[in-house]
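Engineer: For reference, this is coords_33.pdb, and it has PDB, C-alpha atoms.
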ATOM      1  CA  MET A   1       0.000   0.000   0.000
ATOM      2  CA  PRO A   2       1.612   3.299  -1.030
ATOM      3  CA  LEU A   3       1.931   5.522   2.001
ATOM      4  CA  GLU A   4       0.871   8.534  -0.046
ATOM      5  CA  ALA A   5      -2.467   6.796  -0.671
ATOM      6  CA  ILE A   6      -3.243   6.630   3.054
ATOM      7  CA  SER A   7      -5.153   9.659   4.238
ATOM      8  CA  SER A   8      -5.881   8.491   7.789
ATOM      9  CA  ALA A   9      -3.496   9.872  10.373
ATOM     10  CA  ALA A  10      -4.508   7.088  12.770
ATOM     11  CA  VAL A  11      -3.588   4.392  10.239
ATOM     12  CA  LEU A  12      -0.250   6.028   9.513
ATOM     13  CA  ARG A  13       0.462   6.360  13.229
ATOM     14  CA  ASP A  14      -0.879   3.078  14.630
ATOM     15  CA  ILE A  15      -1.148   0.505  11.834
ATOM     16  CA  VAL A  16       1.548   0.932   9.215
ATOM     17  CA  GLY A  17       4.567  -1.296   9.768
ATOM     18  CA  ARG A  18       7.915   0.337  10.481
ATOM     19  CA  VAL A  19      11.391  -0.591   9.328
ATOM     20  CA  GLU A  20      13.344  -0.618  12.581
ATOM     21  CA  GLY A  21      16.736  -1.604  11.263
ATOM     22  CA  ILE A  22      18.710  -2.920   8.310
ATOM     23  CA  ALA A  23      22.002  -4.783   8.748
ATOM     24  CA  ASP A  24      24.313  -5.766   5.893
ATOM     25  CA  LEU A  25      25.184  -9.454   6.299
ATOM     26  CA  GLY A  26      27.498  -9.478   3.292
ATOM     27  CA  ASP A  27      27.280 -11.240  -0.058
ATOM     28  CA  GLY A  28      24.186  -9.244  -0.944
ATOM     29  CA  ALA A  29      22.158 -10.419   2.054
ATOM     30  CA  PHE A  30      20.518  -8.101   4.557
ATOM     31  CA  GLU A  31      18.735  -8.545   7.871
ATOM     32  CA  VAL A  32      15.686  -6.289   8.042
ATOM     33  CA  ARG A  33      13.754  -5.719  11.267
ATOM     34  CA  VAL A  34      10.108  -4.697  10.822
ATOM     35  CA  GLY A  35       7.831  -3.601  13.647
ATOM     36  CA  LEU A  36       4.155  -4.544  13.340
ATOM     37  CA  ALA A  37       1.113  -3.468  15.342
ATOM     38  CA  THR A  38      -0.422  -6.276  17.407
ATOM     39  CA  ALA A  39      -3.895  -5.084  16.404
ATOM     40  CA  THR A  40      -3.227  -6.060  12.780
ATOM     41  CA  THR A  41      -3.039  -9.764  13.745
ATOM     42  CA  GLY A  42      -6.568  -9.917  15.125
ATOM     43  CA  LEU A  43      -5.007 -12.355  17.614
ATOM     44  CA  GLU A  44      -5.869 -15.160  15.166
ATOM     45  CA  ALA A  45      -3.379 -17.769  13.965
ATOM     46  CA  GLY A  46      -3.883 -17.342  10.234
ATOM     47  CA  GLN A  47      -3.779 -13.555  10.352
ATOM     48  CA  LEU A  48      -0.690 -13.632  12.578
ATOM     49  CA  MET A  49       1.066 -15.728   9.933
ATOM     50  CA  SER A  50      -0.196 -13.374   7.216
ATOM     51  CA  MET A  51       1.321 -10.395   9.014
ATOM     52  CA  LEU A  52       4.585 -12.182   9.804
ATOM     53  CA  PHE A  53       5.196 -13.366   6.236
ATOM     54  CA  GLY A  54       2.085 -13.291   4.030
ATOM     55  CA  ASN A  55       2.722 -11.861   0.569
ATOM     56  CA  ALA A  56       6.421 -11.496   1.326
ATOM     57  CA  SER A  57       6.673 -15.301   1.298
ATOM     58  CA  ILE A  58       6.156 -15.159  -2.475
ATOM     59  CA  LEU A  59       9.391 -13.203  -2.922
ATOM     60  CA  GLU A  60      12.088 -15.748  -3.742
ATOM     61  CA  ASP A  61      14.870 -13.856  -1.966
ATOM     62  CA  VAL A  62      13.051 -13.234   1.336
ATOM     63  CA  ALA A  63      12.995 -15.542   4.365
ATOM     64  CA  LEU A  64      11.425 -15.128   7.795
ATOM     65  CA  ALA A  65      14.261 -15.639  10.266
ATOM     66  CA  ASP A  66      12.648 -14.871  13.621
ATOM     67  CA  ALA A  67       9.887 -13.003  15.423
ATOM     68  CA  GLU A  68       9.701 -11.330  18.813
ATOM     69  CA  LEU A  69       6.141 -11.709  20.053
ATOM     70  CA  PRO A  70       4.810  -9.354  22.742
ATOM     71  CA  ALA A  71       3.151 -10.586  25.904
ATOM     72  CA  ASP A  72      -0.421  -9.908  24.751
ATOM     73  CA  VAL A  73       0.047 -12.078  21.656
ATOM     74  CA  VAL A  74       1.602 -14.938  23.620
ATOM     75  CA  GLU A  75      -1.108 -14.766  26.255
ATOM     76  CA  ALA A  76      -3.884 -14.728  23.654
ATOM     77  CA  PHE A  77      -2.747 -17.950  21.979
ATOM     78  CA  GLY A  78      -1.835 -19.700  25.212
ATOM     79  CA  GLY A  79       0.675 -22.331  24.114
ATOM     80  CA  PRO A  80       0.602 -26.007  25.159
ATOM     81  CA  ARG A  81      -2.073 -27.274  27.528
ATOM     82  CA  HIS A  82       0.086 -30.177  28.712
ATOM     83  CA  GLY A  83       3.588 -29.988  27.262
ATOM     84  CA  LEU A  84       6.497 -32.190  28.198
ATOM     85  CA  ALA A  85       5.454 -32.219  31.845
ATOM     86  CA  GLY A  86       2.033 -33.502  30.849
ATOM     87  CA  PHE A  87       3.473 -36.425  28.903
ATOM     88  CA  ARG A  88       5.735 -37.257  31.820
ATOM     89  CA  ALA A  89       2.804 -37.201  34.249
ATOM     90  CA  ARG A  90       0.633 -39.449  32.052
ATOM     91  CA  LEU A  91       3.421 -41.984  31.676
ATOM     92  CA  GLY A  92       4.755 -41.742  35.226
ATOM     93  CA  VAL A  93       8.250 -40.968  33.927
ATOM     94  CA  ALA A  94      10.068 -38.115  35.616
ATOM     95  CA  ASP A  95      13.782 -38.746  35.382
ATOM     96  CA  ARG A  96      14.676 -39.833  31.848
ATOM     97  CA  ALA A  97      14.058 -39.124  28.189
ATOM     98  CA  LEU A  98      10.920 -40.623  26.667
ATOM     99  CA  THR A  99      10.780 -43.124  23.800
ATOM    100  CA  ALA A 100       8.417 -43.211  20.854
ATOM    101  CA  SER A 101       7.798 -45.228  17.719
ATOM    102  CA  ALA A 102       5.392 -45.158  14.778
ATOM    103  CA  LEU A 103       2.789 -47.481  13.288
ATOM    104  CA  LYS A 104       3.337 -47.923   9.551
ATOM    105  CA  PRO A 105       3.377 -48.481   6.585
ATOM    106  CA  GLN A 106       0.161 -47.446   4.855
ATOM    107  CA  GLY A 107      -1.882 -50.350   3.590
ATOM    108  CA  LEU A 108      -1.907 -52.423   6.779
ATOM    109  CA  THR A 109      -5.271 -53.329   8.242
ATOM    110  CA  PRO A 110      -6.373 -52.000  11.630
ATOM    111  CA  ALA A 111      -5.756 -55.451  13.114
ATOM    112  CA  GLN A 112      -2.202 -55.507  11.757
ATOM    113  CA  LEU A 113      -1.520 -52.042  13.159
ATOM    114  CA  GLY A 114      -2.954 -53.159  16.495
ATOM    115  CA  ASP A 115      -0.539 -56.081  16.493
ATOM    116  CA  LEU A 116       2.419 -53.738  15.894
ATOM    117  CA  ALA A 117       1.242 -51.470  18.708
ATOM    118  CA  SER A 118       0.979 -54.399  21.095
ATOM    119  CA  ARG A 119       4.492 -55.586  20.289
ATOM    120  CA  LEU A 120       5.946 -52.087  20.728
ATOM    121  CA  ALA A 121       4.131 -51.707  24.041
ATOM    122  CA  ASP A 122       5.441 -55.083  25.209
ATOM    123  CA  GLY A 123       8.916 -53.777  24.431
ATOM    124  CA  GLY A 124       8.426 -50.825  26.775
ATOM    125  CA  ILE A 125       8.043 -47.989  24.262
ATOM    126  CA  ASP A 126       6.482 -44.994  26.009
ATOM    127  CA  LEU A 127       4.554 -43.438  23.111
ATOM    128  CA  ILE A 128       3.182 -45.246  20.062
ATOM    129  CA  LYS A 129       1.939 -42.906  17.352
ATOM    130  CA  ASP A 130       0.276 -43.398  14.021
ATOM    131  CA  ASP A 131       2.536 -42.514  11.142
ATOM    132  CA  HIS A 132       1.347 -39.226   9.661
ATOM    133  CA  GLY A 133       0.580 -41.091   6.429
ATOM    134  CA  LEU A 134      -2.237 -42.964   8.191
ATOM    135  CA  ALA A 135      -5.427 -40.990   7.669
ATOM    136  CA  ASP A 136      -8.945 -42.249   6.948
ATOM    137  CA  GLN A 137      -8.087 -44.482   4.005
ATOM    138  CA  SER A 138     -10.366 -47.321   2.943
ATOM    139  CA  TYR A 139      -7.874 -49.930   4.154
ATOM    140  CA  SER A 140      -7.577 -48.371   7.626
ATOM    141  CA  ARG A 141     -10.479 -46.183   8.661
ATOM    142  CA  PHE A 142      -9.670 -43.875  11.545
ATOM    143  CA  ALA A 143     -12.391 -45.217  13.841
ATOM    144  CA  ASP A 144     -11.536 -48.834  13.051
ATOM    145  CA  ARG A 145      -7.830 -48.218  13.615
ATOM    146  CA  VAL A 146      -8.324 -46.507  16.964
ATOM    147  CA  ALA A 147     -10.611 -49.315  18.112
ATOM    148  CA  ALA A 148      -8.184 -52.023  16.994
ATOM    149  CA  VAL A 149      -5.120 -50.439  18.588
ATOM    150  CA  THR A 150      -6.781 -49.623  21.899
ATOM    151  CA  GLN A 151      -8.201 -53.150  22.123
ATOM    152  CA  ARG A 152      -4.661 -54.519  21.932
ATOM    153  CA  LEU A 153      -3.328 -52.196  24.630
ATOM    154  CA  ARG A 154      -4.120 -52.239  28.321
ATOM    155  CA  PRO A 155      -6.627 -49.481  29.234
ATOM    156  CA  ALA A 156      -4.023 -47.391  31.051
ATOM    157  CA  ASP A 157      -1.680 -47.711  28.079
ATOM    158  CA  ALA A 158      -4.308 -46.515  25.620
ATOM    159  CA  VAL A 159      -4.860 -43.315  27.600
ATOM    160  CA  GLY A 160      -1.233 -42.352  27.957
ATOM    161  CA  ARG A 161       0.575 -44.198  25.200
ATOM    162  CA  TYR A 162      -1.272 -44.258  21.852
ATOM    163  CA  LEU A 163      -1.513 -41.212  19.546
ATOM    164  CA  PRO A 164      -3.719 -41.635  16.451
ATOM    165  CA  SER A 165      -3.128 -39.358  13.459
ATOM    166  CA  LEU A 166      -5.764 -36.756  12.569
ATOM    167  CA  SER A 167      -6.577 -35.652   9.022
ATOM    168  CA  GLY A 168      -9.259 -33.805   7.077
ATOM    169  CA  HIS A 169     -11.196 -30.570   7.424
ATOM    170  CA  LEU A 170     -12.056 -29.041  10.782
ATOM    171  CA  ASP A 171     -15.326 -30.930  11.263
ATOM    172  CA  GLN A 172     -13.568 -34.216  10.496
ATOM    173  CA  LEU A 173     -10.719 -33.340  12.862
ATOM    174  CA  ARG A 174     -13.173 -32.618  15.669
ATOM    175  CA  ALA A 175     -14.989 -35.885  15.059
ATOM    176  CA  GLN A 176     -11.712 -37.823  15.124
ATOM    177  CA  VAL A 177     -10.645 -36.286  18.443
ATOM    178  CA  ARG A 178     -14.021 -37.278  19.901
ATOM    179  CA  ILE A 179     -13.576 -40.837  18.611
ATOM    180  CA  ALA A 180     -10.138 -40.986  20.212
ATOM    181  CA  ASN A 181     -11.493 -39.628  23.486
ATOM    182  CA  ASP A 182     -14.363 -42.135  23.439
ATOM    183  CA  HIS A 183     -11.758 -44.916  23.331
ATOM    184  CA  GLY A 184      -9.862 -43.436  26.253
ATOM    185  CA  VAL A 185      -7.088 -41.959  24.105
ATOM    186  CA  GLY A 186      -5.755 -38.700  25.489
ATOM    187  CA  ALA A 187      -3.269 -37.607  22.819
ATOM    188  CA  VAL A 188      -3.209 -37.281  19.024
ATOM    189  CA  VAL A 189      -0.835 -36.453  16.164
ATOM    190  CA  VAL A 190      -1.628 -33.691  13.679
ATOM    191  CA  ALA A 191       0.290 -31.826  10.959
ATOM    192  CA  PRO A 192      -0.537 -28.140  11.527
ATOM    193  CA  MET A 193       0.720 -27.028   8.107
ATOM    194  CA  ILE A 194      -1.488 -29.635   6.398
ATOM    195  CA  VAL A 195      -4.724 -29.017   8.316
ATOM    196  CA  GLY A 196      -4.068 -25.291   8.736
ATOM    197  CA  LEU A 197      -2.752 -23.373  11.713
ATOM    198  CA  PRO A 198      -6.127 -21.801  12.606
ATOM    199  CA  ALA A 199      -7.749 -25.266  12.615
ATOM    200  CA  PHE A 200      -4.928 -26.634  14.734
ATOM    201  CA  HIS A 201      -5.265 -23.824  17.281
ATOM    202  CA  ALA A 202      -9.039 -24.296  17.348
ATOM    203  CA  LEU A 203      -8.606 -27.984  18.231
ATOM    204  CA  VAL A 204      -6.234 -27.138  21.070
ATOM    205  CA  ARG A 205      -8.757 -24.714  22.518
ATOM    206  CA  GLU A 206     -11.776 -26.987  22.064
ATOM    207  CA  PHE A 207     -10.193 -30.125  23.527
ATOM    208  CA  PRO A 208      -8.178 -28.988  26.552
ATOM    209  CA  ASP A 209      -7.813 -32.509  27.949
ATOM    210  CA  THR A 210      -6.189 -33.813  24.761
ATOM    211  CA  ALA A 211      -2.448 -33.498  24.144
ATOM    212  CA  PHE A 212      -1.333 -32.636  20.610
ATOM    213  CA  MET A 213       1.884 -33.847  18.994
ATOM    214  CA  ALA A 214       2.665 -31.729  15.921
ATOM    215  CA  HIS A 215       4.147 -33.266  12.778
ATOM    216  CA  PRO A 216       6.299 -31.116  10.435
ATOM    217  CA  ALA A 217       4.781 -32.269   7.106
ATOM    218  CA  LEU A 218       4.664 -29.390   4.575
ATOM    219  CA  ALA A 219       6.715 -27.150   6.879
ATOM    220  CA  GLY A 220       9.569 -27.331   4.378
ATOM    221  CA  ALA A 221       7.454 -25.572   1.758
ATOM    222  CA  THR A 222       8.019 -22.250   3.532
ATOM    223  CA  ARG A 223      11.074 -20.038   3.905
ATOM    224  CA  ILE A 224      10.537 -19.727   7.647
ATOM    225  CA  SER A 225      13.365 -20.784   9.923
ATOM    226  CA  PRO A 226      12.598 -24.189  11.502
ATOM    227  CA  SER A 227      13.295 -22.940  15.009
ATOM    228  CA  LEU A 228      10.701 -20.177  14.558
ATOM    229  CA  LEU A 229       8.021 -22.237  12.788
ATOM    230  CA  LEU A 230       8.347 -25.645  14.469
ATOM    231  CA  GLY A 231       9.784 -24.489  17.778
ATOM    232  CA  THR A 232       8.238 -21.124  18.597
ATOM    233  CA  LEU A 233       5.042 -20.847  16.524
ATOM    234  CA  PHE A 234       3.865 -24.455  16.834
ATOM    235  CA  ARG A 235       4.392 -24.120  20.584
ATOM    236  CA  LEU A 236       2.545 -20.782  20.635
ATOM    237  CA  PHE A 237      -0.475 -22.349  18.903
ATOM    238  CA  GLY A 238      -0.557 -25.254  21.359
ATOM    239  CA  ALA A 239       1.756 -28.091  20.315
ATOM    240  CA  ASP A 240       2.532 -30.161  23.394
ATOM    241  CA  ALA A 241       5.273 -31.947  21.468
ATOM    242  CA  THR A 242       6.835 -31.239  18.080
ATOM    243  CA  ILE A 243       8.400 -33.797  15.745
ATOM    244  CA  PHE A 244      11.311 -32.582  13.632
ATOM    245  CA  PRO A 245      14.026 -34.190  11.490
ATOM    246  CA  THR A 246      17.177 -34.563  13.530
ATOM    247  CA  HIS A 247      20.632 -33.934  12.129
ATOM    248  CA  GLY A 248      22.431 -36.836  10.524
ATOM    249  CA  GLY A 249      19.232 -38.598   9.486
ATOM    250  CA  ARG A 250      17.285 -38.642   6.220
ATOM    251  CA  PHE A 251      16.862 -34.872   6.124
ATOM    252  CA  GLY A 252      19.166 -31.888   5.912
ATOM    253  CA  TYR A 253      18.761 -30.071   9.225
ATOM    254  CA  SER A 254      22.095 -29.164  10.808
ATOM    255  CA  ARG A 255      23.101 -29.668  14.428
ATOM    256  CA  GLU A 256      22.758 -25.926  14.931
ATOM    257  CA  THR A 257      19.217 -25.883  13.509
ATOM    258  CA  CYS A 258      18.151 -28.845  15.632
ATOM    259  CA  GLY A 259      19.665 -27.316  18.758
ATOM    260  CA  ALA A 260      17.901 -24.001  18.143
ATOM    261  CA  LEU A 261      14.601 -25.780  17.483
ATOM    262  CA  ALA A 262      14.796 -27.829  20.674
ATOM    263  CA  THR A 263      15.713 -24.718  22.645
ATOM    264  CA  ALA A 264      12.725 -22.815  21.238
ATOM    265  CA  THR A 265      10.432 -25.676  22.245
ATOM    266  CA  LEU A 266      11.741 -25.887  25.809
ATOM    267  CA  ARG A 267      12.936 -22.418  26.812
ATOM    268  CA  PRO A 268      11.164 -20.358  29.479
ATOM    269  CA  TRP A 269       8.878 -18.050  27.506
ATOM    270  CA  ARG A 270       6.370 -15.667  29.079
ATOM    271  CA  GLY A 271       4.936 -18.349  31.339
ATOM    272  CA  LEU A 272       4.042 -20.873  28.606
ATOM    273  CA  ARG A 273       4.486 -24.580  29.325
ATOM    274  CA  ALA A 274       7.518 -26.140  27.736
ATOM    275  CA  GLY A 275       6.811 -28.359  24.779
ATOM    276  CA  ALA A 276       8.583 -31.633  24.088
ATOM    277  CA  PRO A 277      11.140 -31.764  21.264
ATOM    278  CA  VAL A 278      10.773 -35.004  19.268
ATOM    279  CA  PRO A 279      13.801 -35.585  17.022
ATOM    280  CA  ALA A 280      13.120 -38.198  14.358
ATOM    281  CA  GLY A 281      13.709 -39.010  10.699
ATOM    282  CA  GLY A 282      16.238 -41.799  10.271
ATOM    283  CA  MET A 283      16.964 -42.358  13.940
ATOM    284  CA  THR A 284      18.640 -45.683  14.742
ATOM    285  CA  LEU A 285      19.488 -47.538  17.938
ATOM    286  CA  ASP A 286      23.199 -46.896  17.608
ATOM    287  CA  ARG A 287      22.571 -43.142  17.789
ATOM    288  CA  VAL A 288      20.635 -43.157  21.074
ATOM    289  CA  GLU A 289      23.573 -42.164  23.267
ATOM    290  CA  GLU A 290      24.642 -39.475  20.791
ATOM    291  CA  MET A 291      21.133 -37.997  20.735
ATOM    292  CA  LEU A 292      20.843 -38.041  24.520
ATOM    293  CA  GLU A 293      24.178 -36.284  24.844
ATOM    294  CA  PHE A 294      23.041 -33.636  22.359
ATOM    295  CA  TYR A 295      19.420 -33.088  23.491
ATOM    296  CA  GLY A 296      19.574 -34.086  27.158
ATOM    297  CA  ARG A 297      16.786 -35.794  29.096
ATOM    298  CA  ASP A 298      14.002 -33.375  28.171
ATOM    299  CA  VAL A 299      13.276 -35.022  24.847
ATOM    300  CA  ILE A 300      11.168 -37.726  23.189
ATOM    301  CA  LEU A 301      13.359 -39.882  20.950
ATOM    302  CA  LEU A 302      11.378 -41.280  18.010
ATOM    303  CA  ILE A 303      12.591 -44.369  16.140
ATOM    304  CA  GLY A 304      10.162 -45.782  13.597
ATOM    305  CA  GLY A 305      11.401 -47.675  10.568
ATOM    306  CA  ALA A 306      14.623 -48.833  12.209
ATOM    307  CA  LEU A 307      12.590 -50.716  14.814
ATOM    308  CA  LEU A 308       9.973 -52.020  12.415
ATOM    309  CA  ALA A 309      12.724 -53.407  10.187
ATOM    310  CA  ALA A 310      13.406 -55.967  12.933
ATOM    311  CA  GLY A 311      10.320 -57.909  11.842
ATOM    312  CA  SER A 312       9.686 -60.796  14.216
ATOM    313  CA  ASP A 313      12.169 -59.301  16.699
ATOM    314  CA  LEU A 314      10.269 -56.011  16.963
ATOM    315  CA  THR A 315       9.603 -56.415  20.683
ATOM    316  CA  GLY A 316      13.243 -57.265  21.310
ATOM    317  CA  GLN A 317      14.445 -54.196  19.422
ATOM    318  CA  ALA A 318      11.920 -52.055  21.285
ATOM    319  CA  GLN A 319      13.279 -53.416  24.570
ATOM    320  CA  ALA A 320      16.821 -52.592  23.456
ATOM    321  CA  PHE A 321      15.720 -49.037  22.627
ATOM    322  CA  ALA A 322      14.078 -48.602  26.033
ATOM    323  CA  ARG A 323      17.125 -50.014  27.843
ATOM    324  CA  ARG A 324      19.558 -47.738  26.023
ATOM    325  CA  VAL A 325      17.491 -44.671  26.830
ATOM    326  CA  ALA A 326      17.191 -45.663  30.486
ATOM    327  CA  ALA A 327      20.928 -46.325  30.715
ATOM    328  CA  GLY A 328      21.822 -43.144  28.864
ATOM    329  CA  CYS A 329      19.842 -40.928  31.217
TER     330      CYS A 329
END
For the file at hand, write its structure as structure tokens.
Structural biologist:
Amino acid sequence: MPLEAISSAAVLRDIVGRVEGIADLGDGAFEVRVGLATATTGLEAGQLMSMLFGNASILEDVALADAELPADVVEAFGGPRHGLAGFRARLGVADRALTASALKPQGLTPAQLGDLASRLADGGIDLIKDDHGLADQSYSRFADRVAAVTQRLRPADAVGRYLPSLSGHLDQLRAQVRIANDHGVGAVVVAPMIVGLPAFHALVREFPDTAFMAHPALAGATRISPSLLLGTLFRLFGADATIFPTHGGRFGYSRETCGALATATLRPWRGLRAGAPVPAGGMTLDRVEEMLEFYGRDVILLIGGALLAAGSDLTGQAQAFARRVAAGC
């Protein structure tokens, strides 16, 4: 909007963004600090993202590196309802890192997925989540899958251990959370960038007793720094735990990026609960000690395919994973 086209003194004074600083980073790159009025966000997730990046995201040479959010914005969105402490309380685990694995691949029947869940639980895995590729496909309907998995787990395990994957539009997401709750399941997995950040935040507000683990699918389609998007903003909108690709795995995040992301998820921040960082993506048993040394005990280590590859020895590999985490803490 051309400034000369704005006739309102109030808009010019209170609404128009301000360039607060420009720093030359060398090689033709610049860091630009822009101040925005909180009122322009409407304190709504989608509009906040529009103000932070919006049309500027279309510019190929612009990236969103960070954002400093004032207290009224942080308070309005509220952050995690449960966070890392909530997962620890549900599982009765206070003094070590948590373990997690995933149910996959697509194409398995609900009964087959229930069998995998049972074997992982027998191996002592703390959290057993649906792979994000499991939705409401004909071969594994959401309701059938939740029923099959919870039937194979002890009642207490189903409440604290299993996380089905949500998908669809907002009405479908709401219905799926209710189905999970009806089966005694108290946590779910959802990809905020797939379902939409406003829908994700709405679910967090509408289902305060449910914990939400955020998956990073589609997050790589933006030029927003991972620590800001997955660490700070997902936490702001209510992610109790956030999955991200750890360094040295199948994806390209560096140690520095992963460290910054975990810090953003855990750091003291205007009274919000700390979320749980969940490094994943090519994790293997022989990296457990390395990951614990890097992330510390306030983490959920997620190993999926590397455990499932054990086939008939899945429970044994799950036990080995649990033992290594317990010994490493």
Engineer: What would the selection look like, as a VMD selection string, if the PyMOL selection byres ((chain A and resi 96) around 9) were run on the coordinates I just shared?
Structural biologist: chain A and resid 93 to 95 97 to 98 296 to 299 325 to 326 328 to 329
Engineer: Expanded to explicit residues, what is the PyMOL selection byres ((chain A and resi 204) around 12) for this file, as a short mmCIF file (atom, residue, chain, number, x, y, z; two decimals) with C-alpha atoms, in the frame of the given file?
Structural biologist:
data_model
loop_
_atom_site.label_atom_id
_atom_site.label_comp_id
_atom_site.auth_asym_id
_atom_site.auth_seq_id
_atom_site.Cartn_x
_atom_site.Cartn_y
_atom_site.Cartn_z
CA PHE A 77 -2.75 -17.95 21.98
CA GLY A 78 -1.84 -19.70 25.21
CA GLY A 79 0.68 -22.33 24.11
CA PRO A 80 0.60 -26.01 25.16
CA ARG A 81 -2.07 -27.27 27.53
CA HIS A 82 0.09 -30.18 28.71
CA GLY A 83 3.59 -29.99 27.26
CA LEU A 170 -12.06 -29.04 10.78
CA LEU A 173 -10.72 -33.34 12.86
CA ARG A 174 -13.17 -32.62 15.67
CA VAL A 177 -10.64 -36.29 18.44
CA ALA A 187 -3.27 -37.61 22.82
CA VAL A 188 -3.21 -37.28 19.02
CA VAL A 189 -0.84 -36.45 16.16
CA VAL A 190 -1.63 -33.69 13.68
CA PRO A 192 -0.54 -28.14 11.53
CA LEU A 197 -2.75 -23.37 11.71
CA PRO A 198 -6.13 -21.80 12.61
CA ALA A 199 -7.75 -25.27 12.62
CA PHE A 200 -4.93 -26.63 14.73
CA HIS A 201 -5.26 -23.82 17.28
CA ALA A 202 -9.04 -24.30 17.35
CA LEU A 203 -8.61 -27.98 18.23
CA ARG A 205 -8.76 -24.71 22.52
CA GLU A 206 -11.78 -26.99 22.06
CA PHE A 207 -10.19 -30.12 23.53
CA PRO A 208 -8.18 -28.99 26.55
CA ASP A 209 -7.81 -32.51 27.95
CA THR A 210 -6.19 -33.81 24.76
CA ALA A 211 -2.45 -33.50 24.14
CA PHE A 212 -1.33 -32.64 20.61
CA MET A 213 1.88 -33.85 18.99
CA ALA A 214 2.66 -31.73 15.92
CA PHE A 234 3.86 -24.46 16.83
CA ARG A 235 4.39 -24.12 20.58
CA LEU A 236 2.54 -20.78 20.64
CA PHE A 237 -0.48 -22.35 18.90
CA GLY A 238 -0.56 -25.25 21.36
CA ALA A 239 1.76 -28.09 20.32
CA ASP A 240 2.53 -30.16 23.39
#
Engineer: With all atoms listed in the file as the basis for distance, which of A:Arg267, A:Arg223, A:Arg119, A:Lys104 is at the shortest distance from A:Gln319?
Structural biologist: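 Looking at the shortest contact to A:Gln319, the residue is A:Arg119.
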Engineer: Applying the PyMOL selection byres ((chain A and resi 183) around 9) to the file I just gave you, which residues come out? Please list them as a ChimeraX atom specification.
Structural biologist: /A:146-147,150,158-159,178-182,184-186
Engineer: For atom CA of A:Asp126 and atom CA of A:Leu308, quote the distance in Å rounded to one decimal.
Structural biologist: 15.7 Å
Engineer: Could I see stretch 218-230 of chain A restored to N, CA and C atoms, set down as an mmCIF file, keeping the file's coordinate frame?
Structural biologist:
data_model
loop_
_atom_site.group_PDB
_atom_site.id
_atom_site.type_symbol
_atom_site.label_atom_id
_atom_site.label_comp_id
_atom_site.auth_asym_id
_atom_site.auth_seq_id
_atom_site.Cartn_x
_atom_site.Cartn_y
_atom_site.Cartn_z
ATOM 1 N N LEU A 218 4.890 -30.614 5.351
ATOM 2 C CA LEU A 218 4.664 -29.390 4.575
ATOM 3 C C LEU A 218 5.394 -28.181 5.143
ATOM 4 N N ALA A 219 6.009 -28.291 6.305
ATOM 5 C CA ALA A 219 6.715 -27.150 6.879
ATOM 6 C C ALA A 219 7.900 -26.731 6.011
ATOM 7 N N GLY A 220 8.443 -27.668 5.245
ATOM 8 C CA GLY A 220 9.569 -27.331 4.378
ATOM 9 C C GLY A 220 9.185 -26.541 3.155
ATOM 10 N N ALA A 221 7.884 -26.343 2.921
ATOM 11 C CA ALA A 221 7.454 -25.572 1.758
ATOM 12 C C ALA A 221 7.539 -24.071 2.004
ATOM 13 N N THR A 222 7.914 -23.670 3.196
ATOM 14 C CA THR A 222 8.019 -22.250 3.532
ATOM 15 C C THR A 222 9.481 -21.851 3.677
ATOM 16 N N ARG A 223 9.739 -20.565 3.589
ATOM 17 C CA ARG A 223 11.074 -20.038 3.905
ATOM 18 C C ARG A 223 11.005 -19.374 5.281
ATOM 19 N N ILE A 224 10.562 -20.160 6.255
ATOM 20 C CA ILE A 224 10.537 -19.727 7.647
ATOM 21 C C ILE A 224 11.536 -20.591 8.392
ATOM 22 N N SER A 225 12.358 -20.002 9.216
ATOM 23 C CA SER A 225 13.365 -20.784 9.923
ATOM 24 C C SER A 225 12.688 -21.865 10.752
ATOM 25 N N PRO A 226 13.229 -23.099 10.744
ATOM 26 C CA PRO A 226 12.598 -24.189 11.502
ATOM 27 C C PRO A 226 12.443 -23.890 12.982
ATOM 28 N N SER A 227 13.411 -23.221 13.577
ATOM 29 C CA SER A 227 13.295 -22.940 15.009
ATOM 30 C C SER A 227 12.118 -22.012 15.294
ATOM 31 N N LEU A 228 11.837 -21.071 14.377
ATOM 32 C CA LEU A 228 10.701 -20.177 14.558
ATOM 33 C C LEU A 228 9.385 -20.911 14.302
ATOM 34 N N LEU A 229 9.284 -21.602 13.149
ATOM 35 C CA LEU A 229 8.021 -22.237 12.788
ATOM 36 C C LEU A 229 7.706 -23.426 13.687
ATOM 37 N N LEU A 230 8.618 -24.408 13.745
ATOM 38 C CA LEU A 230 8.347 -25.645 14.469
ATOM 39 C C LEU A 230 8.543 -25.495 15.969
#
